[in-house]
file entry_32.csv (CSV, C-alpha atoms)
chain,number,residue,atom,x,y,z
A,559,MET,CA,0.0,0.0,0.0
A,560,GLN,CA,1.2,3.5,-0.8
A,561,PHE,CA,0.0,7.1,-0.6
A,562,VAL,CA,-0.4,8.8,-4.0
A,563,LYS,CA,-1.2,12.5,-4.4
A,564,MET,CA,-4.3,13.4,-6.4
A,565,GLU,CA,-2.2,14.7,-9.4
A,566,ASP,CA,-0.3,11.4,-9.6
A,567,LEU,CA,-3.4,9.1,-9.7
A,568,LYS,CA,-3.6,7.0,-12.9
A,569,PRO,CA,-6.3,4.7,-14.4
A,570,GLY,CA,-5.9,1.1,-13.2
A,571,MET,CA,-4.8,1.9,-9.7
A,572,ARG,CA,-6.8,0.2,-7.0
A,573,ILE,CA,-8.2,2.0,-3.9
A,574,ALA,CA,-6.9,0.7,-0.6
A,575,ARG,CA,-9.4,2.6,1.6
A,576,PRO,CA,-13.1,3.0,1.0
A,577,ILE,CA,-14.5,6.5,0.3
A,578,TYR,CA,-17.6,7.6,2.1
A,579,SER,CA,-19.9,10.6,1.8
A,580,LYS,CA,-20.3,13.0,4.8
A,581,LYS,CA,-23.4,11.0,5.8
A,582,GLY,CA,-21.5,7.8,5.9
A,583,VAL,CA,-22.7,6.4,2.6
A,584,LEU,CA,-20.2,4.2,0.8
A,585,LEU,CA,-19.2,5.9,-2.5
A,586,PHE,CA,-16.1,3.9,-3.6
A,587,GLU,CA,-15.4,0.4,-2.2
A,588,ARG,CA,-11.8,-0.6,-1.4
A,589,ASP,CA,-10.1,-2.6,-4.2
A,590,SER,CA,-12.1,-0.6,-6.7
A,591,LYS,CA,-10.1,0.0,-9.9
A,592,LEU,CA,-9.8,3.7,-10.9
A,593,ASN,CA,-10.8,4.9,-14.4
A,594,ALA,CA,-10.5,8.4,-15.8
A,595,SER,CA,-14.1,9.4,-14.8
A,596,GLY,CA,-13.6,8.0,-11.3
A,597,ILE,CA,-10.4,10.0,-10.9
A,598,ASP,CA,-12.2,13.2,-12.0
A,599,SER,CA,-15.1,12.4,-9.6
A,600,ILE,CA,-12.7,11.8,-6.6
A,601,ARG,CA,-10.7,14.9,-7.5
A,602,ASN,CA,-13.9,16.9,-7.1
A,603,PHE,CA,-13.9,15.8,-3.4
A,604,GLY,CA,-10.8,17.8,-2.9
A,605,LEU,CA,-8.8,15.0,-1.4
A,606,LEU,CA,-5.0,15.4,-0.9
A,607,GLY,CA,-4.5,11.9,-2.3
A,608,LEU,CA,-5.5,8.3,-1.9
A,609,PHE,CA,-4.0,5.2,-0.4
A,610,VAL,CA,-3.7,2.7,-3.3
A,611,LEU,CA,-2.7,-1.0,-3.5
A,612,GLU,CA,0.4,-2.1,-5.2
A,613,PRO,CA,-0.1,-3.9,-8.5
A,614,ALA,CA,0.4,-7.4,-7.1
A,615,GLU,CA,-0.9,-6.6,-3.6
A,616,PRO,CA,-4.2,-8.3,-2.5
A,617,ALA,CA,-6.8,-6.1,-0.7
A,618,PRO,CA,-6.2,-6.6,3.1
A,619,PRO,CA,-9.2,-8.1,4.9
A,620,MET,CA,-11.5,-5.7,6.8
A,621,THR,CA,-13.4,-6.8,9.8
A,622,PRO,CA,-16.8,-5.3,10.7
A,623,GLU,CA,-14.9,-3.3,13.4
A,624,ASP,CA,-12.7,-1.8,10.6
A,625,ILE,CA,-15.7,-0.9,8.5
A,626,GLU,CA,-17.4,0.8,11.5
A,627,PHE,CA,-14.1,2.6,12.3
A,628,GLU,CA,-14.0,4.2,8.8
A,629,ARG,CA,-17.7,5.1,9.0
A,630,PHE,CA,-17.3,6.6,12.5
A,631,GLN,CA,-14.4,8.8,11.2
A,632,THR,CA,-16.4,10.1,8.3
A,633,ILE,CA,-19.6,10.9,10.2
A,634,ASN,CA,-17.9,12.5,13.2
A,635,SER,CA,-15.4,14.6,11.3
A,636,PHE,CA,-18.3,16.4,9.7
A,637,ALA,CA,-20.0,16.7,13.2
A,638,ILE,CA,-16.8,18.3,14.5
A,639,LYS,CA,-16.6,20.6,11.6
A,640,ASP,CA,-20.1,22.0,12.2
A,641,GLU,CA,-19.4,22.3,16.0
A,642,LEU,CA,-16.0,24.0,15.7
A,643,ASP,CA,-17.3,26.5,13.0
A,644,SER,CA,-20.2,27.4,15.3
A,645,MET,CA,-17.9,27.7,18.4
A,646,LEU,CA,-15.6,30.0,16.4
A,647,ASN,CA,-18.5,32.3,15.6
A,648,THR,CA,-20.4,32.2,18.9
A,649,HIS,CA,-17.8,31.2,21.5
A,650,LYS,CA,-20.4,28.7,22.7
A,651,PHE,CA,-20.7,24.9,22.3
A,652,ILE,CA,-23.8,22.9,21.7
A,653,LYS,CA,-23.1,19.4,20.5
A,654,LEU,CA,-19.5,19.1,21.8
A,655,PRO,CA,-20.4,17.1,24.9
A,656,THR,CA,-22.3,14.6,22.8
A,657,ILE,CA,-19.4,14.3,20.3
A,658,VAL,CA,-16.9,13.7,23.2
A,659,SER,CA,-19.2,11.2,24.8
A,660,ASP,CA,-19.6,9.2,21.6
A,661,ILE,CA,-15.8,9.1,21.1
A,662,ILE,CA,-15.2,7.9,24.7
A,663,ARG,CA,-18.1,5.4,24.6
A,664,SER,CA,-16.9,3.9,21.3
A,665,TYR,CA,-13.1,3.9,21.9
A,666,GLY,CA,-12.4,4.8,25.6
A,667,TYR,CA,-12.8,1.5,27.2
A,668,LEU,CA,-11.6,-1.1,24.8
A,669,ASP,CA,-9.5,-4.0,26.2
A,670,LYS,CA,-8.0,-5.0,22.8
A,671,LYS,CA,-5.9,-3.3,20.1
A,672,ILE,CA,-7.6,-1.9,17.0
A,673,ASN,CA,-6.5,-1.2,13.5
A,674,PHE,CA,-6.1,2.5,13.4
A,675,ALA,CA,-6.5,3.4,9.7
A,676,GLN,CA,-5.6,6.9,8.7
A,677,SER,CA,-8.5,8.7,7.1
A,678,LEU,CA,-8.6,10.4,3.7
A,679,ARG,CA,-8.3,14.2,4.0
A,680,THR,CA,-9.0,17.3,2.0
A,681,LYS,CA,-7.6,20.8,2.5
A,682,GLU,CA,-11.0,21.8,3.7
A,683,ASP,CA,-11.5,19.1,6.3
A,684,TYR,CA,-7.9,18.4,7.3
A,685,ILE,CA,-8.1,20.3,10.6
A,686,TYR,CA,-11.4,18.6,11.6
A,687,ARG,CA,-10.2,15.1,10.8
A,688,HIS,CA,-6.9,15.7,12.6
A,689,CYS,CA,-8.8,16.8,15.7
A,690,LEU,CA,-11.0,13.7,15.5
A,691,ASN,CA,-8.1,11.3,15.1
A,692,VAL,CA,-6.2,12.8,18.0
A,693,ALA,CA,-9.4,12.6,20.1
A,694,MET,CA,-9.9,8.9,19.2
A,695,LEU,CA,-6.3,8.1,20.0
A,696,VAL,CA,-6.5,10.0,23.3
A,697,ALA,CA,-9.6,7.9,24.2
A,698,LEU,CA,-7.9,4.7,23.3
A,699,MET,CA,-4.7,5.6,25.1
A,700,GLY,CA,-6.3,7.1,28.1
A,701,HIS,CA,-7.8,3.8,29.1
A,702,LYS,CA,-4.5,2.0,28.9
A,703,TYR,CA,-2.7,4.9,30.6
A,704,GLY,CA,-5.1,4.9,33.5
A,705,LEU,CA,-6.7,8.4,33.2
A,706,ARG,CA,-9.7,8.9,35.5
A,707,ASN,CA,-13.1,9.5,33.9
A,708,ASP,CA,-12.9,13.3,34.5
A,709,GLU,CA,-9.3,13.4,33.2
A,710,LEU,CA,-10.3,11.4,30.1
A,711,ASN,CA,-13.2,13.7,29.4
A,712,ASP,CA,-11.0,16.8,29.6
A,713,ALA,CA,-8.3,15.3,27.4
A,714,VAL,CA,-10.7,14.1,24.7
A,715,THR,CA,-12.5,17.5,24.8
A,716,SER,CA,-9.2,19.3,24.5
A,717,ALA,CA,-8.2,17.0,21.5
A,718,VAL,CA,-11.4,17.9,19.7
A,719,VAL,CA,-11.0,21.6,20.1
A,720,HIS,CA,-7.3,22.2,20.3
A,721,ASP,CA,-6.9,23.4,16.7
A,722,ILE,CA,-9.8,25.8,16.7
A,723,GLY,CA,-7.5,28.8,16.3
A,724,LYS,CA,-6.1,27.5,13.1
A,725,LEU,CA,-9.5,28.0,11.5
A,726,MET,CA,-8.9,31.7,11.9
A,727,ALA,CA,-5.9,31.5,9.5
A,728,PRO,CA,-6.5,32.9,6.0
A,729,ALA,CA,-7.5,30.4,3.4
A,730,GLU,CA,-4.3,30.9,1.4
A,731,LEU,CA,-2.3,29.8,4.4
A,732,GLN,CA,-4.5,26.9,5.4
A,733,ASP,CA,-4.5,25.6,1.8
A,734,LYS,CA,-0.9,26.1,1.1
A,735,ASP,CA,0.7,22.8,-0.1
A,736,ASP,CA,4.4,23.5,0.7
A,737,ARG,CA,4.5,25.2,4.0
A,738,ASP,CA,7.8,26.4,5.2
A,739,ASP,CA,8.9,27.0,8.8
A,740,ASN,CA,7.5,30.6,8.7
A,741,ASP,CA,4.1,29.2,7.6
A,742,GLU,CA,4.1,26.6,10.3
A,743,GLU,CA,5.0,29.3,12.9
A,744,ALA,CA,2.1,31.4,11.6
A,745,MET,CA,-0.3,28.6,12.0
A,746,GLU,CA,0.9,28.0,15.5
A,747,ARG,CA,0.3,31.7,16.3
A,748,TYR,CA,-3.3,31.3,15.2
A,749,GLN,CA,-3.6,28.1,17.2
A,750,THR,CA,-2.4,30.1,20.3
A,751,GLU,CA,-4.9,32.8,19.7
A,752,GLY,CA,-7.6,30.1,19.7
A,753,PHE,CA,-6.6,29.2,23.3
A,754,ASP,CA,-8.2,32.5,24.4
A,755,ILE,CA,-11.5,31.2,22.9
A,756,LEU,CA,-11.1,28.0,24.9
A,757,ASP,CA,-10.2,29.9,28.1
A,758,ASP,CA,-13.5,31.8,27.7
A,759,MET,CA,-15.7,28.8,27.0
A,760,PHE,CA,-14.2,26.3,29.5
A,761,GLN,CA,-13.9,28.4,32.6
A,762,THR,CA,-15.3,25.6,34.7
A,763,SER,CA,-13.0,23.0,33.1
A,764,PRO,CA,-9.6,24.9,32.8
A,765,ASN,CA,-7.7,21.7,32.0
A,766,VAL,CA,-9.3,21.7,28.5
A,767,LYS,CA,-7.3,24.8,27.5
A,768,ARG,CA,-4.3,23.8,29.7
A,769,ILE,CA,-3.8,20.5,28.0
A,770,ALA,CA,-4.0,22.1,24.5
A,771,ALA,CA,-1.5,24.8,25.4
A,772,GLN,CA,0.9,22.5,27.2
A,773,THR,CA,0.9,20.1,24.2
A,774,LEU,CA,1.7,22.9,21.8
A,775,ASN,CA,4.5,24.1,24.1
A,776,ILE,CA,6.1,20.7,24.4
A,777,LEU,CA,6.0,20.0,20.6
A,778,GLN,CA,7.4,23.4,19.8
A,779,ARG,CA,10.4,22.8,22.1
A,780,TYR,CA,10.9,19.4,20.4
A,781,ARG,CA,10.7,20.9,16.9
A,782,TYR,CA,12.7,24.1,17.4
A,783,GLY,CA,14.8,23.3,20.4
A,784,GLY,CA,15.0,25.1,23.7
A,785,ASP,CA,15.1,24.4,27.4
A,786,LYS,CA,12.5,22.3,29.0
A,787,ALA,CA,9.9,24.5,30.5
A,788,ASN,CA,9.4,24.1,34.3
A,789,MET,CA,5.7,23.4,34.4
A,790,LYS,CA,3.5,20.8,36.1
A,791,LEU,CA,2.0,18.8,33.3
A,792,VAL,CA,-1.6,17.7,33.4
A,793,GLU,CA,-1.8,13.9,33.0
A,794,GLY,CA,-3.9,14.3,29.9
A,795,THR,CA,-1.2,16.4,28.3
A,796,LYS,CA,1.2,13.5,28.4
A,797,VAL,CA,-1.3,11.4,26.5
A,798,MET,CA,-2.3,14.1,24.0
A,799,THR,CA,1.3,15.0,23.2
A,800,VAL,CA,1.9,11.4,21.9
A,801,ALA,CA,-1.5,11.3,20.1
A,802,GLU,CA,-0.9,14.7,18.4
A,803,PHE,CA,2.6,13.8,17.2
A,804,PHE,CA,1.6,10.4,16.0
A,805,ASP,CA,-1.4,11.5,13.9
A,806,ALA,CA,0.4,14.6,12.6
A,807,HIS,CA,3.2,12.5,11.2
A,808,THR,CA,1.4,9.3,10.0
A,809,ALA,CA,-1.5,11.1,8.2
A,810,MET,CA,-1.4,12.5,4.7
A,811,ARG,CA,0.2,15.9,4.9
A,812,PHE,CA,0.5,19.1,3.0
A,813,GLY,CA,3.4,18.8,0.6
A,814,GLY,CA,4.6,15.5,1.9
A,815,LYS,CA,3.9,11.8,2.3
A,816,PRO,CA,2.9,10.1,5.6
A,817,GLU,CA,5.7,8.7,7.7
A,818,SER,CA,5.9,5.1,8.7
A,819,GLU,CA,4.0,4.4,12.0
A,820,LEU,CA,7.0,2.5,13.2
A,821,ASP,CA,9.4,5.3,12.5
A,822,VAL,CA,7.2,7.7,14.4
A,823,ILE,CA,7.0,5.3,17.4
A,824,ARG,CA,10.8,5.0,17.3
A,825,LYS,CA,11.3,8.8,17.3
A,826,MET,CA,9.1,9.1,20.4
A,827,GLN,CA,10.9,6.3,22.2
A,828,GLU,CA,14.2,8.0,21.5
A,829,ALA,CA,12.9,11.3,23.1
A,830,PRO,CA,11.6,10.3,26.5
A,831,ASP,CA,12.1,13.9,27.8
A,832,THR,CA,9.4,15.0,25.3
A,833,PHE,CA,7.2,11.9,25.0
A,834,ASP,CA,6.2,10.2,28.2
A,835,LYS,CA,7.2,6.6,28.2
A,836,ARG,CA,3.9,5.4,29.7
A,837,ALA,CA,2.0,7.4,27.1
A,838,VAL,CA,4.0,5.9,24.2
A,839,LYS,CA,3.5,2.4,25.7
A,840,ALA,CA,-0.3,3.2,25.9
A,841,LEU,CA,-0.3,4.0,22.2
A,842,VAL,CA,1.6,0.8,21.4
A,843,ASP,CA,-0.9,-1.2,23.5
A,844,SER,CA,-3.9,0.5,21.8
A,845,ILE,CA,-3.3,0.0,18.1
A,846,ASN,CA,-2.0,-2.7,15.8
A,847,ILE,CA,1.4,-1.8,14.4
A,848,LEU,CA,3.5,-5.0,14.4
A,849,SER,CA,0.9,-7.7,14.9
A,850,GLU,CA,1.1,-11.4,13.9
A,851,GLY,CA,1.1,-12.0,10.1
A,852,ILE,CA,2.7,-8.7,9.1
A,853,SER,CA,5.7,-8.8,6.8
A,854,VAL,CA,8.6,-6.7,8.0
A,855,VAL,CA,12.1,-5.6,7.1
A,856,LEU,CA,14.8,-6.4,9.7
A,857,SER,CA,17.7,-4.1,10.5
A,858,THR,CA,19.9,-6.6,8.7
A,859,GLY,CA,18.0,-6.0,5.5
A,860,ASP,CA,16.3,-9.5,5.6
A,861,THR,CA,12.6,-9.7,5.2
A,862,ALA,CA,10.5,-11.7,7.7
A,863,LEU,CA,7.0,-12.6,8.9
A,864,ILE,CA,5.9,-11.7,12.5
A,865,LEU,CA,4.8,-14.9,14.3
A,866,GLN,CA,4.4,-13.4,17.8
A,867,GLU,CA,4.4,-9.9,19.2
A,868,ASN,CA,6.7,-8.8,22.0
A,869,PRO,CA,4.6,-6.8,24.5
A,870,LYS,CA,7.7,-5.6,26.2
A,871,ASN,CA,9.5,-4.3,23.1
A,872,ILE,CA,7.5,-3.9,19.9
A,873,LEU,CA,10.7,-3.9,17.8
A,874,ARG,CA,11.8,-7.4,18.9
A,875,PRO,CA,9.0,-9.9,18.1
A,876,VAL,CA,9.4,-13.6,17.1
A,877,VAL,CA,9.7,-13.7,13.3
A,878,LEU,CA,10.1,-16.2,10.5
A,879,CYS,CA,13.0,-15.1,8.3
A,880,PHE,CA,12.2,-15.5,4.6
A,881,ARG,CA,15.8,-16.0,3.6
A,882,ASP,CA,16.3,-19.3,5.3
A,883,ASN,CA,12.9,-20.0,7.0
A,884,ALA,CA,14.6,-19.7,10.4
A,885,ILE,CA,12.5,-18.7,13.4
A,886,MET,CA,14.1,-15.9,15.4
A,887,ASN,CA,13.1,-14.6,18.8
A,888,LEU,CA,14.6,-11.2,18.5
A,889,ALA,CA,14.0,-10.6,22.3
A,890,ASP,CA,17.0,-13.0,22.8
A,891,THR,CA,19.7,-10.4,22.5
A,892,TYR,CA,22.4,-13.0,23.4
A,893,MET,CA,21.5,-14.9,20.2
A,894,TYR,CA,20.5,-12.1,17.9
A,895,GLY,CA,22.3,-9.1,19.3
A,896,ASP,CA,20.8,-5.7,18.2
A,897,ILE,CA,18.7,-7.1,15.3
A,898,GLU,CA,15.3,-5.6,15.4
A,899,VAL,CA,12.4,-4.7,13.0
A,900,ALA,CA,13.4,-1.7,10.9
A,901,ASP,CA,10.0,-1.2,9.2
A,902,VAL,CA,6.9,-2.8,7.8
A,903,MET,CA,7.3,-4.0,4.2
A,904,LYS,CA,6.0,-1.3,2.0
A,905,THR,CA,5.0,-3.4,-1.0
A,906,LEU,CA,4.2,-7.0,-1.8
A,907,ASP,CA,4.9,-6.5,-5.5
A,908,ASN,CA,7.7,-9.0,-5.9
A,909,ARG,CA,7.8,-9.2,-9.7
A,910,TYR,CA,10.9,-8.9,-11.8
A,911,VAL,CA,11.3,-5.9,-14.1
A,912,MET,CA,13.3,-6.0,-17.2
A,913,ASP,CA,16.1,-3.5,-17.4
A,914,LYS,CA,15.4,-1.8,-20.7
A,915,ARG,CA,18.5,0.4,-20.7
A,916,THR,CA,20.8,-2.6,-20.3
A,917,LEU,CA,18.9,-4.5,-23.0
A,918,ASP,CA,19.3,-1.6,-25.4
A,919,GLU,CA,23.0,-1.3,-24.7
A,920,HIS,CA,23.5,-4.9,-25.9
A,921,SER,CA,21.0,-4.9,-28.7
A,922,ASP,CA,23.7,-4.8,-31.4
A,923,ASP,CA,25.7,-7.6,-29.9
A,924,ALA,CA,25.5,-11.2,-31.0
A,925,ALA,CA,22.6,-13.2,-29.8
A,926,GLY,CA,24.5,-14.7,-27.0
A,927,GLY,CA,25.9,-11.4,-25.9
A,928,ALA,CA,22.4,-9.9,-26.0
A,929,ASP,CA,21.0,-12.6,-23.9
A,930,GLY,CA,23.8,-12.2,-21.4
A,931,GLY,CA,23.1,-8.5,-21.2
A,932,ALA,CA,19.4,-9.0,-20.7
A,933,ALA,CA,20.1,-11.6,-18.0
A,934,ASP,CA,22.5,-9.2,-16.3
A,935,GLY,CA,19.8,-6.5,-16.5
A,936,ALA,CA,17.1,-8.8,-15.2
A,937,SER,CA,19.4,-9.8,-12.4
A,938,GLY,CA,20.1,-6.2,-11.5
A,939,ASP,CA,16.5,-5.4,-11.5
A,940,ALA,CA,15.7,-8.4,-9.4
A,941,ALA,CA,17.9,-6.9,-6.7
A,942,GLY,CA,16.1,-3.6,-7.3
A,943,ALA,CA,12.8,-5.3,-6.8
A,944,GLY,CA,14.1,-6.9,-3.7
A,945,ASP,CA,15.1,-3.4,-2.4
A,946,GLY,CA,11.5,-2.3,-3.2
A,947,VAL,CA,10.2,-5.1,-1.1
A,948,ASN,CA,12.6,-4.0,1.7
A,949,GLY,CA,11.0,-0.6,1.7
A,950,GLU,CA,14.0,1.2,0.2
A,951,ALA,CA,12.7,1.9,-3.3

call {"tool": "encode", "arguments": {"input": "entry_32.csv", "output": "structure tokens"}}
result
Amino acid sequence: MQFVKMEDLKPGMRIARPIYSKKGVLLFERDSKLNASGIDSIRNFGLLGLFVLEPAEPAPPMTPEDIEFERFQTINSFAIKDELDSMLNTHKFIKLPTIVSDIIRSYGYLDKKINFAQSLRTKEDYIYRHCLNVAMLVALMGHKYGLRNDELNDAVTSAVVHDIGKLMAPAELQDKDDRDDNDEEAMERYQTEGFDILDDMFQTSPNVKRIAAQTLNILQRYRYGGDKANMKLVEGTKVMTVAEFFDAHTAMRFGGKPESELDVIRKMQEAPDTFDKRAVKALVDSINILSEGISVVLSTGDTALILQENPKNILRPVVLCFRDNAIMNLADTYMYGDIEVADVMKTLDNRYVMDKRTLDEHSDDAAGGADGGAADGASGDAAGAGDGVNGEA
């Protein structure tokens, strides 16, 4: 599966994620093959891009829970849009408690991991969908982290409204594809202005604004550097900081492609001063990232299949190495040293591709020479195809 920008979509590509209307009606089923008219229709939705399947990749199975997850995202992102737009104009909320209650009821008390599929986003709904995803992650993580009911309610509420200030930014800034550091700083200034709105609306629940402000402060220090502020963090802030960073980096983004979930987890694990260890563990315990049956690339470059997760260290599961069919328990550092999972395989397209350039170079040679050149080219591309499977192409 890969993310493809709208301008790069081509007929014949297959959709990896279903597309719903704002009322939750299925418009395009996953595994649907795109044609020219379909691309034009989807382009009119204003999507930043689509997740598409590789040519030889089968459509991954979807459980009823996965289908409901996609529908929940679609319906509630529009509900959040209506509410935030109203709050921005009136400085009052109406449906916010119901939205927060629905999120917590659906995802705040689960005792199992879920497949957290990133939603399709447009320039117009990006902020709303981001707020929803962060809220859903906070609900999932808060249960594992151990937040009290009141703390969870404040944290999820903060997640839903934390970007309200960004809606005050001019359209040309909100819609800009290639934002530079100055643009990002400008958006953060609008976000900070929005905290005054939250301060006004949530006087009886001051932690709603406090969590949003502390989260922004922590991530600004992480991004731009600077001394750690001496402030007492709200417990919900520790959870929301991880949720905010994870969604912002794994979702489709302006001017860039999503980062690997595993890479983002690794970044947070390597920065414990910024990302609370318990909160990162709560995220890992809430969503499927390296579950059984997933094909991965090891730090040695070998590819393998995960046979059993490692709850203590997500990067060191039990795997079946494709190279020699050896079963490796990567938790055994005495046997396997520092070998760990580097990333999830980015493609299952394992076909050989003929090297046309090499073939042309040998086209005037004798038949045997030409065959040898073609063989060399095919061999070279076989290695290239292997690199693609290893996620390096």

call {"tool": "closest_residue", "arguments": {"input": "entry_32.csv", "among": "A:Ser849, A:Thr648, A:Thr799, A:Thr891", "to": "Lys835 (chain A)", "atoms": "only C-alpha atoms"}}
result
A:Thr799

call {"tool": "residues_near_point", "arguments": {"input": "entry_32.csv", "point": "(-16.7, 26.2, 15.7)", "cutoff": "12 Å", "atoms": "only C-alpha atoms", "output": "PyMOL selection string"}}
result
chain A and resi 636-654+685-686+718-726+752+755-756+759

call {"tool": "atom_distance", "arguments": {"input": "entry_32.csv", "atom1": "CA of Ala900 (chain A)", "atom2": "CA of Leu848 (chain A)"}}
result
11.0 Å

call {"tool": "atom_distance", "arguments": {"input": "entry_32.csv", "atom1": "CA of Ala744 (chain A)", "atom2": "CA of Met798 (chain A)"}}
result
21.7 Å

call {"tool": "residues_around", "arguments": {"input": "entry_32.csv", "residues": "Ala771 (chain A)", "least_positions_apart": "2", "cutoff": "10 Å", "atoms": "only C-alpha atoms", "output": "PyMOL selection string"}}
result
chain A and resi 716+720+749-750+752-753+765-769+773-776+795

call {"tool": "residues_around", "arguments": {"input": "entry_32.csv", "residues": "Gln631 (chain A)", "least_positions_apart": "3", "cutoff": "9 Å", "atoms": "only C-alpha atoms", "output": "MDAnalysis selection string"}}
result
chainID A and resid 582 626:628 634:636 677 687 690:691

call {"tool": "build_atoms", "arguments": {"input": "entry_32.csv", "residues": "region 856-878 of chain A", "atoms": "N, CA and C atoms", "output": "JSON list (two decimals), in the coordinates of the input"}}
result
[["chain", "number", "residue", "atom", "x", "y", "z"],
["A", 856, "LEU", "N", 13.93, -6.38, 8.53],
["A", 856, "LEU", "CA", 14.80, -6.40, 9.70],
["A", 856, "LEU", "C", 15.94, -5.39, 9.51],
["A", 857, "SER", "N", 16.59, -5.05, 10.60],
["A", 857, "SER", "CA", 17.70, -4.10, 10.50],
["A", 857, "SER", "C", 18.89, -4.70, 9.74],
["A", 858, "THR", "N", 18.88, -6.00, 9.51],
["A", 858, "THR", "CA", 19.90, -6.60, 8.70],
["A", 858, "THR", "C", 19.63, -6.52, 7.20],
["A", 859, "GLY", "N", 18.41, -6.08, 6.85],
["A", 859, "GLY", "CA", 18.00, -6.00, 5.50],
["A", 859, "GLY", "C", 17.16, -7.24, 5.06],
["A", 860, "ASP", "N", 17.16, -8.29, 5.88],
["A", 860, "ASP", "CA", 16.30, -9.50, 5.60],
["A", 860, "ASP", "C", 14.86, -9.12, 5.78],
["A", 861, "THR", "N", 14.00, -9.85, 5.06],
["A", 861, "THR", "CA", 12.60, -9.70, 5.20],
["A", 861, "THR", "C", 12.05, -10.89, 6.05],
["A", 862, "ALA", "N", 10.97, -10.67, 6.79],
["A", 862, "ALA", "CA", 10.50, -11.70, 7.70],
["A", 862, "ALA", "C", 9.00, -11.53, 7.96],
["A", 863, "LEU", "N", 8.41, -12.58, 8.56],
["A", 863, "LEU", "CA", 7.00, -12.60, 8.90],
["A", 863, "LEU", "C", 6.89, -12.62, 10.45],
["A", 864, "ILE", "N", 6.09, -11.75, 11.03],
["A", 864, "ILE", "CA", 5.90, -11.70, 12.50],
["A", 864, "ILE", "C", 5.04, -12.93, 12.91],
["A", 865, "LEU", "N", 5.57, -13.75, 13.79],
["A", 865, "LEU", "CA", 4.80, -14.90, 14.30],
["A", 865, "LEU", "C", 4.22, -14.59, 15.68],
["A", 866, "GLN", "N", 4.89, -13.75, 16.45],
["A", 866, "GLN", "CA", 4.40, -13.40, 17.80],
["A", 866, "GLN", "C", 4.90, -12.06, 18.21],
["A", 867, "GLU", "N", 3.98, -11.24, 18.74],
["A", 867, "GLU", "CA", 4.40, -9.90, 19.20],
["A", 867, "GLU", "C", 5.19, -10.01, 20.48],
["A", 868, "ASN", "N", 5.95, -8.94, 20.73],
["A", 868, "ASN", "CA", 6.70, -8.80, 22.00],
["A", 868, "ASN", "C", 6.08, -7.66, 22.76],
["A", 869, "PRO", "N", 5.27, -7.92, 23.77],
["A", 869, "PRO", "CA", 4.60, -6.80, 24.50],
["A", 869, "PRO", "C", 5.56, -5.91, 25.22],
["A", 870, "LYS", "N", 6.77, -6.38, 25.51],
["A", 870, "LYS", "CA", 7.70, -5.60, 26.20],
["A", 870, "LYS", "C", 8.55, -4.67, 25.30],
["A", 871, "ASN", "N", 8.76, -5.12, 24.07],
["A", 871, "ASN", "CA", 9.50, -4.30, 23.10],
["A", 871, "ASN", "C", 8.97, -4.62, 21.71],
["A", 872, "ILE", "N", 8.22, -3.68, 21.18],
["A", 872, "ILE", "CA", 7.50, -3.90, 19.90],
["A", 872, "ILE", "C", 8.50, -4.17, 18.76],
["A", 873, "LEU", "N", 9.74, -3.74, 18.89],
["A", 873, "LEU", "CA", 10.70, -3.90, 17.80],
["A", 873, "LEU", "C", 11.37, -5.26, 17.78],
["A", 874, "ARG", "N", 11.11, -6.08, 18.79],
["A", 874, "ARG", "CA", 11.80, -7.40, 18.90],
["A", 874, "ARG", "C", 10.81, -8.54, 19.06],
["A", 875, "PRO", "N", 9.99, -8.80, 18.04],
["A", 875, "PRO", "CA", 9.00, -9.90, 18.10],
["A", 875, "PRO", "C", 9.70, -11.23, 17.71],
["A", 876, "VAL", "N", 8.92, -12.29, 17.67],
["A", 876, "VAL", "CA", 9.40, -13.60, 17.10],
["A", 876, "VAL", "C", 9.00, -13.55, 15.62],
["A", 877, "VAL", "N", 9.98, -13.83, 14.77],
["A", 877, "VAL", "CA", 9.70, -13.70, 13.30],
["A", 877, "VAL", "C", 10.21, -14.98, 12.60],
["A", 878, "LEU", "N", 9.68, -15.15, 11.40],
["A", 878, "LEU", "CA", 10.10, -16.20, 10.50],
["A", 878, "LEU", "C", 10.89, -15.49, 9.36]]
